[in-house]
>>> print(open('entry.txt').read())   # compact mmCIF, C-alpha atoms and all ligand atoms
# COMPACT_ATOMS: atom_id res chain seq x y z
CA MET C 225 -32.68 10.85 12.19
CA LYS C 226 -30.14 8.11 12.80
CA LEU C 227 -27.18 8.13 10.42
CA PRO C 228 -26.00 4.83 8.93
CA SER C 229 -22.82 3.31 10.39
CA LEU C 230 -19.49 4.85 9.44
CA ASN C 231 -18.70 1.77 7.38
CA VAL C 232 -21.84 2.28 5.28
CA GLN C 233 -21.28 6.05 5.08
CA ILE C 234 -17.83 5.42 3.63
CA LEU C 235 -19.23 3.05 1.03
CA LEU C 236 -21.92 5.59 0.09
CA GLY C 237 -19.29 8.36 -0.04
CA ALA C 238 -17.20 6.28 -2.43
CA MET C 239 -20.19 5.54 -4.67
CA PHE C 240 -21.28 9.19 -4.78
CA GLY C 241 -17.67 10.17 -5.50
CA VAL C 242 -17.45 7.87 -8.50
CA GLY C 243 -20.88 8.96 -9.76
CA LEU C 244 -20.19 12.68 -9.44
CA GLY C 245 -16.70 12.23 -10.91
CA LEU C 246 -18.20 10.60 -14.00
CA TYR C 247 -20.80 13.36 -14.27
CA PHE C 248 -18.11 16.09 -14.05
CA HIS C 249 -16.06 14.22 -16.63
CA SER C 250 -19.01 14.27 -19.01
CA LEU C 251 -19.54 18.03 -18.49
CA GLY C 252 -15.93 18.85 -19.40
CA ALA C 253 -13.23 20.85 -17.64
CA GLU C 254 -14.47 24.27 -18.88
CA ASN C 255 -17.80 24.06 -17.09
CA HIS C 256 -18.14 26.42 -14.10
CA ILE C 257 -19.88 23.90 -11.88
CA VAL C 258 -17.08 21.43 -12.60
CA GLN C 259 -14.39 23.97 -11.79
CA THR C 260 -16.00 24.90 -8.46
CA GLY C 261 -16.68 21.24 -7.70
CA LEU C 262 -13.08 20.29 -8.41
CA TYR C 263 -11.77 23.15 -6.30
CA MET C 264 -13.95 22.11 -3.36
CA SER C 265 -13.12 18.42 -3.68
CA GLY C 266 -9.40 19.26 -3.91
CA LEU C 267 -9.72 21.19 -0.66
CA VAL C 268 -11.64 18.51 1.26
CA GLY C 269 -9.60 15.59 -0.13
CA THR C 270 -6.29 17.22 0.77
CA LEU C 271 -7.56 18.09 4.24
CA PHE C 272 -8.49 14.44 4.83
CA ILE C 273 -5.07 13.19 3.70
CA ASP C 274 -3.31 15.86 5.77
CA LEU C 275 -5.19 14.79 8.88
CA LEU C 276 -4.24 11.16 8.34
CA LYS C 277 -0.62 12.12 7.75
CA MET C 278 -0.64 14.30 10.85
CA ILE C 279 -1.36 11.33 13.07
CA LEU C 280 0.66 8.77 11.08
CA ILE C 281 4.13 9.15 12.58
CA PRO C 282 3.18 9.25 16.29
CA LEU C 283 0.90 6.29 15.63
CA VAL C 284 3.53 4.17 13.85
CA PHE C 285 6.11 4.96 16.50
CA CYS C 286 3.87 4.06 19.45
CA SER C 287 2.22 1.05 17.85
CA ILE C 288 5.44 -0.71 16.81
CA THR C 289 7.24 -0.05 20.08
CA VAL C 290 4.29 -1.12 22.19
CA GLY C 291 3.56 -4.06 19.90
CA ILE C 292 7.08 -5.43 20.16
CA ALA C 293 7.34 -4.74 23.88
CA ASN C 294 4.09 -6.58 24.52
CA LEU C 295 5.27 -9.69 22.75
CA ARG C 296 7.34 -10.09 25.88
CA GLN C 297 9.19 -13.33 25.48
CA HIS C 298 12.07 -13.42 23.13
CA GLN C 299 10.78 -16.60 21.49
CA GLN C 300 7.46 -15.00 20.54
CA ILE C 301 9.14 -12.00 18.92
CA HIS C 302 11.25 -14.37 16.89
CA HIS C 303 8.18 -16.29 15.64
CA VAL C 304 6.25 -13.17 14.71
CA TRP C 305 9.24 -11.67 12.97
CA VAL C 306 10.09 -14.75 10.88
CA THR C 307 6.46 -15.59 10.04
CA THR C 308 5.75 -12.01 9.01
CA LEU C 309 8.72 -11.76 6.67
CA LEU C 310 7.99 -15.18 5.18
CA PHE C 311 4.39 -14.16 4.56
CA PHE C 312 5.39 -10.86 2.94
CA VAL C 313 7.91 -12.45 0.60
CA SER C 314 5.62 -15.36 -0.37
CA SER C 315 2.56 -13.25 -1.07
CA MET C 316 4.58 -10.82 -3.18
CA ALA C 317 6.14 -13.75 -5.05
CA ILE C 318 2.67 -15.10 -5.87
CA ALA C 319 1.58 -11.63 -7.03
CA ILE C 320 4.55 -11.42 -9.40
CA VAL C 321 3.87 -14.90 -10.79
CA VAL C 322 0.26 -13.81 -11.49
CA ALA C 323 1.60 -10.71 -13.27
CA LEU C 324 4.11 -12.63 -15.39
CA ALA C 325 1.59 -15.32 -16.31
CA ALA C 326 -1.09 -12.78 -17.32
CA SER C 327 1.36 -10.61 -19.26
CA ASN C 328 2.91 -13.52 -21.13
CA TYR C 329 -0.51 -14.84 -22.00
CA PHE C 330 -2.23 -11.61 -23.06
CA LYS C 331 0.90 -9.82 -24.35
CA PRO C 332 -0.26 -6.23 -23.76
CA GLY C 333 1.73 -3.71 -25.75
CA ALA C 334 2.58 -6.04 -28.62
CA GLY C 335 1.64 -4.31 -31.86
CA LEU C 336 1.48 -0.80 -30.37
CA HIS C 337 4.11 1.44 -31.89
CA LEU C 338 6.66 2.99 -29.64
CA ALA C 339 6.87 5.93 -32.04
CA MET C 340 3.40 6.96 -30.88
CA PHE C 341 4.89 7.68 -27.48
CA GLN C 342 8.13 9.25 -28.65
CA ASP C 343 7.12 12.73 -27.53
CA ALA C 344 6.32 11.68 -24.01
CA MET C 345 9.60 9.82 -23.74
CA GLN C 346 11.71 12.62 -25.10
CA ASN C 347 10.54 15.07 -22.46
CA PHE C 348 11.21 12.68 -19.66
CA GLU C 349 14.51 12.10 -18.00
CA ALA C 350 14.72 8.93 -15.94
CA LYS C 351 16.92 9.02 -12.89
CA GLN C 352 19.58 6.33 -12.95
CA LEU C 353 18.78 3.69 -10.37
CA PRO C 354 21.12 0.71 -10.68
CA LEU C 355 20.39 -2.19 -8.30
CA PRO C 356 23.52 -1.95 -6.09
CA GLU C 357 23.01 1.77 -5.61
CA PHE C 358 19.34 1.28 -4.86
CA PHE C 359 20.21 -1.35 -2.27
CA ALA C 360 22.85 0.89 -0.65
CA GLN C 361 20.38 3.76 -0.53
CA PHE C 362 17.70 1.56 0.99
CA LEU C 363 20.08 0.31 3.70
CA HIS C 364 21.31 3.81 4.39
CA GLY C 365 17.73 5.06 4.77
CA LEU C 366 16.92 2.49 7.46
CA PHE C 367 19.00 4.09 10.19
CA LEU C 368 18.47 7.75 10.90
CA ASN C 369 18.62 9.94 13.94
CA PRO C 370 15.14 9.16 15.34
CA PHE C 371 14.33 12.85 15.78
CA THR C 372 15.17 13.53 12.15
CA ALA C 373 13.12 10.52 11.06
CA LEU C 374 10.15 11.58 13.18
CA SER C 375 10.26 15.19 12.06
CA GLN C 376 10.72 14.34 8.39
CA GLY C 377 7.96 11.76 8.50
CA ASN C 378 10.30 9.03 7.25
CA VAL C 379 8.18 5.95 7.94
CA LEU C 380 10.84 3.31 7.27
CA ALA C 381 13.41 4.88 9.58
CA VAL C 382 10.77 5.40 12.28
CA VAL C 383 9.81 1.71 11.97
CA THR C 384 13.46 0.68 12.40
CA PHE C 385 14.00 2.84 15.46
CA ALA C 386 10.70 1.77 17.02
CA LEU C 387 11.69 -1.89 16.52
CA ILE C 388 15.00 -1.32 18.29
CA LEU C 389 13.33 0.62 21.09
CA GLY C 390 10.66 -2.07 21.51
CA ILE C 391 13.29 -4.80 21.79
CA THR C 392 15.20 -2.70 24.33
CA LEU C 393 12.05 -2.28 26.40
CA VAL C 394 11.50 -6.07 26.41
CA MET C 395 15.10 -6.70 27.47
CA GLY C 396 14.95 -4.05 30.20
CA GLY C 397 11.68 -5.45 31.58
CA GLU C 398 10.64 -3.80 34.87
CA ARG C 399 13.35 -1.17 34.63
CA PHE C 400 11.74 0.62 31.68
CA LYS C 401 8.10 0.04 32.59
CA ASN C 402 7.35 3.78 32.82
CA ILE C 403 8.45 4.47 29.27
CA LEU C 404 6.35 1.55 28.09
CA ALA C 405 3.31 2.80 30.03
CA LEU C 406 3.78 6.25 28.50
CA LEU C 407 3.96 4.86 24.97
CA GLN C 408 0.95 2.65 25.64
CA GLU C 409 -1.10 5.69 26.60
CA GLY C 410 0.35 7.52 23.60
CA LEU C 411 -1.01 4.74 21.39
CA GLU C 412 -4.47 5.00 22.95
CA VAL C 413 -4.49 8.77 22.48
CA THR C 414 -3.45 8.54 18.83
CA MET C 415 -6.10 5.90 18.14
CA HIS C 416 -8.69 8.25 19.62
CA ILE C 417 -7.61 10.99 17.26
CA VAL C 418 -7.82 8.51 14.37
CA SER C 419 -11.43 7.80 15.25
CA TRP C 420 -12.18 11.54 15.01
CA VAL C 421 -10.41 11.85 11.69
CA MET C 422 -12.44 8.91 10.42
CA ARG C 423 -15.65 10.91 10.85
CA LEU C 424 -14.46 12.97 7.93
CA ALA C 425 -13.66 9.84 5.89
CA PRO C 426 -16.95 9.60 3.92
CA LEU C 427 -16.59 13.21 2.72
CA GLY C 428 -12.83 12.96 2.21
CA ILE C 429 -13.13 9.79 0.18
CA MET C 430 -15.96 11.21 -1.89
CA ALA C 431 -13.90 14.32 -2.65
CA LEU C 432 -10.79 12.33 -3.62
CA LEU C 433 -12.75 10.08 -5.96
CA ILE C 434 -14.60 12.97 -7.64
CA LYS C 435 -11.29 14.62 -8.47
CA LEU C 436 -9.60 11.40 -9.53
CA ILE C 437 -12.31 10.38 -12.00
CA ALA C 438 -13.18 13.82 -13.35
CA VAL C 439 -9.64 14.50 -14.58
CA GLN C 440 -8.87 11.13 -16.23
CA ASP C 441 -7.50 11.27 -19.75
CA ALA C 442 -9.93 8.98 -21.57
CA ALA C 443 -7.99 9.00 -24.88
CA MET C 444 -4.80 7.77 -23.23
CA LEU C 445 -6.74 5.13 -21.34
CA SER C 446 -8.28 3.72 -24.48
CA THR C 447 -4.91 3.58 -26.30
CA LEU C 448 -3.50 1.56 -23.44
CA ALA C 449 -6.77 -0.29 -22.83
CA LYS C 450 -5.32 -3.79 -23.09
CA PHE C 451 -2.53 -3.06 -20.62
CA VAL C 452 -4.98 -1.38 -18.23
CA ALA C 453 -7.29 -4.39 -18.50
CA VAL C 454 -4.46 -6.86 -17.78
CA ILE C 455 -3.33 -4.84 -14.75
CA ILE C 456 -6.82 -4.38 -13.35
CA GLY C 457 -7.74 -8.03 -14.05
CA SER C 458 -4.64 -9.52 -12.45
CA THR C 459 -4.64 -7.13 -9.49
CA LEU C 460 -8.29 -7.99 -8.86
CA PHE C 461 -7.50 -11.70 -9.23
CA HIS C 462 -4.81 -11.40 -6.58
CA GLY C 463 -7.01 -9.31 -4.28
CA VAL C 464 -10.30 -11.15 -4.73
CA VAL C 465 -9.13 -14.75 -5.25
CA ILE C 466 -5.54 -15.35 -4.08
CA LEU C 467 -5.41 -13.33 -0.85
CA PRO C 468 -8.86 -14.44 0.38
CA LEU C 469 -7.89 -18.03 -0.46
CA ILE C 470 -4.69 -17.73 1.59
CA LEU C 471 -6.76 -16.23 4.41
CA TYR C 472 -9.28 -19.04 4.25
CA LEU C 473 -6.66 -21.80 4.09
CA PHE C 474 -4.74 -20.50 7.10
CA THR C 475 -7.51 -19.11 9.31
CA GLY C 476 -10.80 -20.54 8.03
CA ARG C 477 -12.21 -16.99 7.79
CA SER C 478 -14.59 -16.20 4.95
CA PRO C 479 -13.91 -13.45 2.39
CA LEU C 480 -17.20 -11.74 3.33
CA TRP C 481 -16.23 -11.52 6.98
CA PHE C 482 -12.89 -10.05 5.90
CA TRP C 483 -14.45 -7.55 3.51
CA ARG C 484 -16.85 -6.30 6.17
CA GLY C 485 -14.05 -5.70 8.64
CA ALA C 486 -11.50 -4.36 6.17
CA ARG C 487 -13.80 -2.19 4.05
CA GLU C 488 -12.98 1.20 5.61
CA SER C 489 -9.31 0.67 5.04
CA LEU C 490 -9.60 -0.78 1.52
CA ILE C 491 -11.75 2.13 0.35
CA THR C 492 -9.43 4.68 1.98
CA ALA C 493 -6.44 3.06 0.28
CA PHE C 494 -8.27 3.13 -3.05
CA ALA C 495 -9.11 6.81 -2.71
CA THR C 496 -5.80 8.06 -1.30
CA SER C 497 -3.41 5.77 -3.25
CA SER C 498 -1.18 5.79 -0.21
CA SER C 499 -0.57 2.85 2.12
CA SER C 500 1.10 5.22 4.57
CA ALA C 501 -1.77 7.70 4.74
CA THR C 502 -4.16 4.75 5.10
CA LEU C 503 -2.11 3.16 7.88
CA PRO C 504 -4.07 4.71 10.77
CA VAL C 505 -7.29 3.36 9.26
CA THR C 506 -5.73 -0.04 8.57
CA LEU C 507 -4.58 -0.41 12.16
CA ARG C 508 -8.01 0.54 13.39
CA CYS C 509 -9.73 -2.03 11.13
CA THR C 510 -7.23 -4.78 11.92
CA THR C 511 -7.48 -4.44 15.68
CA GLN C 512 -11.09 -3.34 16.11
CA HIS C 513 -12.98 -5.07 13.30
CA LEU C 514 -10.78 -8.05 12.44
CA HIS C 515 -9.81 -8.64 16.07
CA VAL C 516 -6.10 -9.09 15.59
CA LYS C 517 -4.25 -8.61 18.89
CA PRO C 518 -2.73 -5.12 19.05
CA GLU C 519 0.74 -6.55 19.69
CA ILE C 520 0.61 -8.51 16.42
CA ALA C 521 -1.20 -5.88 14.33
CA GLY C 522 0.98 -3.13 15.79
CA PHE C 523 4.00 -4.86 14.34
CA VAL C 524 2.77 -6.49 11.12
CA VAL C 525 0.61 -3.65 9.76
CA PRO C 526 3.07 -0.71 9.96
CA LEU C 527 5.92 -2.88 8.70
CA GLY C 528 3.66 -4.17 5.93
CA ALA C 529 2.63 -0.65 4.93
CA THR C 530 6.26 0.09 4.14
CA ILE C 531 7.60 -3.17 2.70
CA ASN C 532 4.72 -5.52 1.85
CA MET C 533 3.28 -4.42 -1.47
CA ASP C 534 1.63 -7.18 -3.47
CA GLY C 535 -0.14 -4.79 -5.83
CA THR C 536 3.02 -2.83 -6.52
CA ALA C 537 5.12 -5.96 -7.08
CA LEU C 538 2.50 -7.25 -9.51
CA TYR C 539 2.39 -3.92 -11.33
CA GLU C 540 6.14 -3.53 -11.64
CA ALA C 541 6.55 -6.98 -13.19
CA ALA C 542 3.60 -6.57 -15.57
CA ALA C 543 4.73 -3.10 -16.62
CA ALA C 544 8.23 -4.37 -17.42
CA ILE C 545 6.80 -7.00 -19.77
CA PHE C 546 4.50 -4.38 -21.30
CA ILE C 547 7.38 -2.04 -22.05
CA ALA C 548 9.43 -4.91 -23.48
CA ASN C 549 6.50 -5.72 -25.77
CA LEU C 550 6.23 -2.07 -26.79
CA ALA C 551 9.90 -1.98 -27.64
CA GLY C 552 9.51 -5.25 -29.54
CA ILE C 553 11.85 -7.14 -27.21
CA GLU C 554 11.06 -10.70 -26.14
CA LEU C 555 12.34 -11.26 -22.61
CA SER C 556 13.95 -14.68 -22.07
CA MET C 557 13.18 -16.92 -19.07
CA ALA C 558 16.38 -15.75 -17.38
CA GLN C 559 15.46 -12.11 -17.93
CA GLN C 560 11.97 -12.73 -16.55
CA LEU C 561 13.59 -14.24 -13.47
CA ILE C 562 15.59 -11.03 -13.05
CA VAL C 563 12.33 -9.09 -13.41
CA PHE C 564 10.84 -11.33 -10.72
CA PHE C 565 13.55 -10.51 -8.17
CA THR C 566 13.98 -6.85 -9.00
CA ALA C 567 10.21 -6.28 -8.96
CA MET C 568 10.11 -7.71 -5.45
CA ILE C 569 12.97 -5.53 -4.23
CA ALA C 570 11.55 -2.48 -5.99
CA ALA C 571 8.15 -3.03 -4.38
CA MET C 572 9.71 -3.49 -0.94
CA GLY C 573 11.71 -0.31 -1.39
CA ALA C 574 8.80 1.80 -2.63
CA PRO C 575 7.44 4.07 0.09
CA GLY C 576 3.67 3.92 0.64
CA ILE C 577 2.87 7.13 -1.21
CA PRO C 578 1.09 7.78 -4.53
CA SER C 579 3.02 6.62 -7.62
CA ALA C 580 6.06 5.55 -5.58
CA GLY C 581 6.10 2.33 -7.57
CA MET C 582 6.78 4.30 -10.75
CA VAL C 583 10.03 5.63 -9.34
CA THR C 584 11.41 2.30 -8.20
CA MET C 585 10.29 0.71 -11.46
CA VAL C 586 13.17 2.39 -13.24
CA MET C 587 15.39 -0.15 -11.51
CA VAL C 588 13.35 -3.10 -12.82
CA LEU C 589 13.51 -1.78 -16.38
CA GLN C 590 17.22 -1.09 -16.22
CA SER C 591 17.97 -4.54 -14.82
CA VAL C 592 16.94 -6.09 -18.14
CA GLY C 593 18.13 -3.27 -20.37
CA LEU C 594 14.74 -1.73 -21.15
CA PRO C 595 14.48 2.03 -21.77
CA ALA C 596 13.68 3.61 -18.42
CA GLU C 597 12.22 6.65 -20.19
CA ALA C 598 9.33 4.43 -21.24
CA ILE C 599 7.69 4.94 -17.86
CA ALA C 600 6.71 8.37 -19.17
CA ILE C 601 4.05 6.46 -21.13
CA LEU C 602 2.63 5.03 -17.96
CA LEU C 603 2.68 8.17 -15.83
CA PRO C 604 -0.54 9.73 -17.19
CA ILE C 605 -2.58 6.66 -16.28
CA ASP C 606 -0.75 5.85 -13.08
CA ARG C 607 -3.02 7.66 -10.66
CA LEU C 608 -5.87 5.46 -11.80
CA LEU C 609 -3.97 2.17 -11.60
CA ASP C 610 -2.46 3.18 -8.28
CA THR C 611 -5.91 3.07 -6.64
CA LEU C 612 -6.38 -0.66 -6.97
CA ARG C 613 -2.78 -1.65 -6.36
CA THR C 614 -2.68 0.38 -3.14
CA ALA C 615 -5.90 -1.27 -1.97
CA VAL C 616 -4.34 -4.69 -2.64
CA ASN C 617 -1.13 -3.61 -0.89
CA VAL C 618 -3.15 -2.75 2.19
CA GLU C 619 -5.27 -5.90 1.91
CA GLY C 620 -2.05 -7.94 1.98
CA ASP C 621 -1.06 -6.30 5.27
CA MET C 622 -4.39 -7.10 6.89
CA VAL C 623 -4.47 -10.69 5.62
CA GLY C 624 -0.84 -10.99 6.76
CA SER C 625 -1.63 -9.94 10.30
CA LEU C 626 -4.50 -12.44 10.53
CA VAL C 627 -2.34 -15.28 9.17
CA VAL C 628 0.62 -14.38 11.39
CA GLN C 629 -1.64 -14.24 14.46
CA LYS C 630 -3.03 -17.69 13.68
CA LEU C 631 0.37 -19.27 13.04
CA VAL C 632 2.03 -17.70 16.07
CA MET C 633 -0.85 -18.70 18.36
CA GLN C 634 -0.71 -22.27 17.04
CA LYS C 635 3.02 -22.43 17.77
CA SER C 636 2.79 -21.02 21.27
CA THR C 637 -0.03 -23.35 22.42
N1 LIG G 1 0.79 3.93 -3.94
C1 LIG G 1 1.32 2.68 -3.48
C2 LIG G 1 1.12 2.54 -1.99
O1 LIG G 1 1.06 3.53 -1.30
C3 LIG G 1 2.76 2.49 -3.83
C4 LIG G 1 2.92 2.43 -5.32
O2 LIG G 1 3.03 3.45 -5.98
O3 LIG G 1 2.85 1.31 -5.87
O4 LIG G 1 1.03 1.46 -1.49
>>> encode(input="entry.txt", output="structure tokens")
Amino acid sequence: MKLPSLNVQILLGAMFGVGLGLYFHSLGAENHIVQTGLYMSGLVGTLFIDLLKMILIPLVFCSITVGIANLRQHQQIHHVWVTTLLFFVSSMAIAIVVALAASNYFKPGAGLHLAMFQDAMQNFEAKQLPLPEFFAQFLHGLFLNPFTALSQGNVLAVVTFALILGITLVMGGERFKNILALLQEGLEVTMHIVSWVMRLAPLGIMALLIKLIAVQDAAMLSTLAKFVAVIIGSTLFHGVVILPLILYLFTGRSPLWFWRGARESLITAFATSSSSATLPVTLRCTTQHLHVKPEIAGFVVPLGATINMDGTALYEAAAAIFIANLAGIELSMAQQLIVFFTAMIAAMGAPGIPSAGMVTMVMVLQSVGLPAEAIAILLPIDRLLDTLRTAVNVEGDMVGSLVVQKLVMQKST
């Protein structure tokens, strides 16, 4: 019997995962079948994420270095670099505007009483994260001994070193051609391993989704239903309308074509809630299904996975307004502008791991004097909201690489 394509298997895995998760939820946590099922899905889901993480660092290192080195001329690197950053900042800015507009219009949190959440807040101690300190920490984290960065799996520091190495290889030209050839083969080898890991993706994704859905706290979700609806609605709006529209305007590509090529990566991001863990899959989709040149994708996608987070930026801004509403504080235009900028910085600084956005959100709240402890209210539902925002984060990286490729090719012809 011929199996359906991997793409279809992943979609089926996701659907089964959601279905079984709902079934387990209805049976209740005490049920034996549920307990065994959750144990098994925990095992398989973690194995899948571990395998992706195993290959992540060698892949990022090789793909950025080779990507930069293959851009060859200095001029081309400059174009890709500037266009990429401009794209990242603009798409995150649009995401935050969507969040602010939706939150101001629907006012989630207004009328809910903060006292209801007092217990959660009392047991939670927020780490101080003032903006200047956050910035200093971010800068400090960029430059690390490359061996430390590689061994600790510090994606941002690996990206920085790989960028510098790639530029050095371009400058050195012929002299360093052996190192470049070695890294090029390294990239091919890692991509091979990714394709093996992907065979486990349908099962891994199914397992992650079963666990995610079966353990959701339905009571908490219904108390915060309006906020959840605003977040899901505006994140979907950004992912289904804004990003595809940007893609269409710049490249003429249809949303369906994009969805078909990007599906593996979007579903993996949804199930893992980690842009970093999804990165190997994203690179594979971008180069193999969406046909972005490896030298462009190899640069834009790994950089995007660490700093381009539309979904997170949107969430941080919307959550700040929600908490202000809860506390009965009306944020002025000037304060909303501060939220706009800090949400962008906080999203850029959040690593691509589950719930990272919650940690950097403390900074956004503190910037306008909101109680940082209030994120304790959001923590119980974060795993659920993180699914969609991570998928949109990853979507932004893939759309970005297509747009950058188009713009850079137009300039160089
Ligand atoms: N989980 C997100 C990501 O990996 C980051 C966040 O928590 O917003 O992209």
>>> atom_distance(input="entry.txt", atom1="atom CA of C:Val627", atom2="atom CA of C:Leu471")
6.6 Å
>>> residues_near_ligand(input="entry.txt", ligand="ligand LIG 1 (chain G)", cutoff="8 Å", atoms="only C-alpha atoms and all ligand atoms", output="PDB file with C-alpha atoms, keeping the file's coordinate frame")
ATOM      1  CA  ALA C 493      -6.440   3.060   0.280  1.00  0.00           C
ATOM      2  CA  SER C 497      -3.410   5.770  -3.250  1.00  0.00           C
ATOM      3  CA  SER C 498      -1.180   5.790  -0.210  1.00  0.00           C
ATOM      4  CA  SER C 499      -0.570   2.850   2.120  1.00  0.00           C
ATOM      5  CA  SER C 500       1.100   5.220   4.570  1.00  0.00           C
ATOM      6  CA  ALA C 501      -1.770   7.700   4.740  1.00  0.00           C
ATOM      7  CA  ALA C 529       2.630  -0.650   4.930  1.00  0.00           C
ATOM      8  CA  THR C 530       6.260   0.090   4.140  1.00  0.00           C
ATOM      9  CA  MET C 533       3.280  -4.420  -1.470  1.00  0.00           C
ATOM     10  CA  GLY C 535      -0.140  -4.790  -5.830  1.00  0.00           C
ATOM     11  CA  THR C 536       3.020  -2.830  -6.520  1.00  0.00           C
ATOM     12  CA  ALA C 537       5.120  -5.960  -7.080  1.00  0.00           C
ATOM     13  CA  TYR C 539       2.390  -3.920 -11.330  1.00  0.00           C
ATOM     14  CA  ALA C 571       8.150  -3.030  -4.380  1.00  0.00           C
ATOM     15  CA  ALA C 574       8.800   1.800  -2.630  1.00  0.00           C
ATOM     16  CA  PRO C 575       7.440   4.070   0.090  1.00  0.00           C
ATOM     17  CA  GLY C 576       3.670   3.920   0.640  1.00  0.00           C
ATOM     18  CA  ILE C 577       2.870   7.130  -1.210  1.00  0.00           C
ATOM     19  CA  PRO C 578       1.090   7.780  -4.530  1.00  0.00           C
ATOM     20  CA  SER C 579       3.020   6.620  -7.620  1.00  0.00           C
ATOM     21  CA  ALA C 580       6.060   5.550  -5.580  1.00  0.00           C
ATOM     22  CA  GLY C 581       6.100   2.330  -7.570  1.00  0.00           C
ATOM     23  CA  MET C 582       6.780   4.300 -10.750  1.00  0.00           C
ATOM     24  CA  ASP C 610      -2.460   3.180  -8.280  1.00  0.00           C
ATOM     25  CA  THR C 611      -5.910   3.070  -6.640  1.00  0.00           C
ATOM     26  CA  ARG C 613      -2.780  -1.650  -6.360  1.00  0.00           C
ATOM     27  CA  THR C 614      -2.680   0.380  -3.140  1.00  0.00           C
ATOM     28  CA  ALA C 615      -5.900  -1.270  -1.970  1.00  0.00           C
ATOM     29  CA  ASN C 617      -1.130  -3.610  -0.890  1.00  0.00           C
ATOM     30  CA  VAL C 618      -3.150  -2.750   2.190  1.00  0.00           C
TER      31      VAL C 618
END
>>> atom_distance(input="entry.txt", atom1="atom CA of C:Ile491", atom2="atom CA of C:Leu236")
10.7 Å
>>> closest_residue(input="entry.txt", among="C:Leu612, C:Ser591, C:Val525, C:Ile234", to="C:Pro356", atoms="all atoms listed in the file")
C:Ser591
>>> axis_aligned_box(input="entry.txt", around="stretch 466-475 of chain C", padding_each_side="3 Å", output="lines of an AutoDock Vina configuration file")
center_x = -7.0
center_y = -17.6
center_z = 2.6
size_x = 10.6
size_y = 14.5
size_z = 19.4
>>> residues_around(input="entry.txt", residues="stretch 275-285 of chain C", least_positions_apart="6", cutoff="7 Å", atoms="only C-alpha atoms", output="VMD selection string")
chain C and resid 374 377 379 382 to 383 386 411 414 421 501 504 526
>>> closest_residue(input="entry.txt", among="C:Val632, C:Val586, C:Leu603, C:Ala542", to="C:Phe358", atoms="only C-alpha atoms")
C:Val586
>>> residues_around(input="entry.txt", residues="C:Ala326", least_positions_apart="4", cutoff="8 Å", atoms="only C-alpha atoms", output="ChimeraX atom specification")
/C:322,330-331,454,458,542
>>> closest_residue(input="entry.txt", among="C:Ser556, C:Gln300, C:Thr502, C:Thr496", to="C:Glu619", atoms="all atoms listed in the file")
C:Thr502
>>> closest_residue(input="entry.txt", among="C:Ser250, C:Ser229, C:Gln361, C:Thr308", to="C:Ala438", atoms="only C-alpha atoms")
C:Ser250
>>> atom_distance(input="entry.txt", atom1="atom CA of C:Val628", atom2="atom CA of C:Glu488")
21.5 Å
>>> closest_residue(input="entry.txt", among="C:Leu368, C:Gly291, C:Val418, C:Gln376", to="C:Leu393", atoms="all atoms listed in the file")
C:Gly291
>>> residues_around(input="entry.txt", residues="C:Lys517", least_positions_apart="4", cutoff="10 Å", atoms="all atoms listed in the file", output="list in words")
Gly291, Thr510, Thr511, Gln512, Ala521, Gly522, Ser625, Leu626 and Gln629 of chain C
>>> closest_residue(input="entry.txt", among="C:Ile403, C:Ala600, C:Ile456, C:Val413", to="C:Gly390", atoms="only C-alpha atoms")
C:Ile403
>>> residues_around(input="entry.txt", residues="C:Gly243", least_positions_apart="2", cutoff="10 Å", atoms="only C-alpha atoms", output="list in words")
Gly237, Ala238, Met239, Phe240, Gly241, Gly245, Leu246, Tyr247, Phe248, His249, Met430, Leu433, Ile434, Ile437 and Ala438 of chain C
>>> closest_atom_pairs(input="entry.txt", of="stretch 373-473 of chain C", to="stretch 262-270 of chain C", cutoff="10 Å", atoms="all atoms listed in the file", output="CSV")
residue,atom,partner,partner_atom,distance
C:Leu424,CA,C:Val268,CA,9.1
C:Ala425,CA,C:Gly269,CA,9.3
C:Leu427,CA,C:Val268,CA,7.4
C:Gly428,CA,C:Gly269,CA,4.8
C:Ile429,CA,C:Gly269,CA,6.8
C:Met430,CA,C:Gly269,CA,7.9
C:Ala431,CA,C:Ser265,CA,4.3
C:Leu432,CA,C:Gly269,CA,4.9
C:Leu433,CA,C:Gly269,CA,8.6
C:Ile434,CA,C:Ser265,CA,6.9
C:Lys435,CA,C:Leu262,CA,5.9
C:Leu436,CA,C:Leu262,CA,9.6
C:Ala438,CA,C:Leu262,CA,8.1
C:Val439,CA,C:Leu262,CA,9.1
>>> write_last_selection(input="entry.txt", atoms="C-alpha atoms", output="PDB file, in the coordinates of the input")
ATOM      1  CA  LEU C 424     -14.460  12.970   7.930  1.00  0.00           C
ATOM      2  CA  ALA C 425     -13.660   9.840   5.890  1.00  0.00           C
ATOM      3  CA  LEU C 427     -16.590  13.210   2.720  1.00  0.00           C
ATOM      4  CA  GLY C 428     -12.830  12.960   2.210  1.00  0.00           C
ATOM      5  CA  ILE C 429     -13.130   9.790   0.180  1.00  0.00           C
ATOM      6  CA  MET C 430     -15.960  11.210  -1.890  1.00  0.00           C
ATOM      7  CA  ALA C 431     -13.900  14.320  -2.650  1.00  0.00           C
ATOM      8  CA  LEU C 432     -10.790  12.330  -3.620  1.00  0.00           C
ATOM      9  CA  LEU C 433     -12.750  10.080  -5.960  1.00  0.00           C
ATOM     10  CA  ILE C 434     -14.600  12.970  -7.640  1.00  0.00           C
ATOM     11  CA  LYS C 435     -11.290  14.620  -8.470  1.00  0.00           C
ATOM     12  CA  LEU C 436      -9.600  11.400  -9.530  1.00  0.00           C
ATOM     13  CA  ALA C 438     -13.180  13.820 -13.350  1.00  0.00           C
ATOM     14  CA  VAL C 439      -9.640  14.500 -14.580  1.00  0.00           C
TER      15      VAL C 439
END
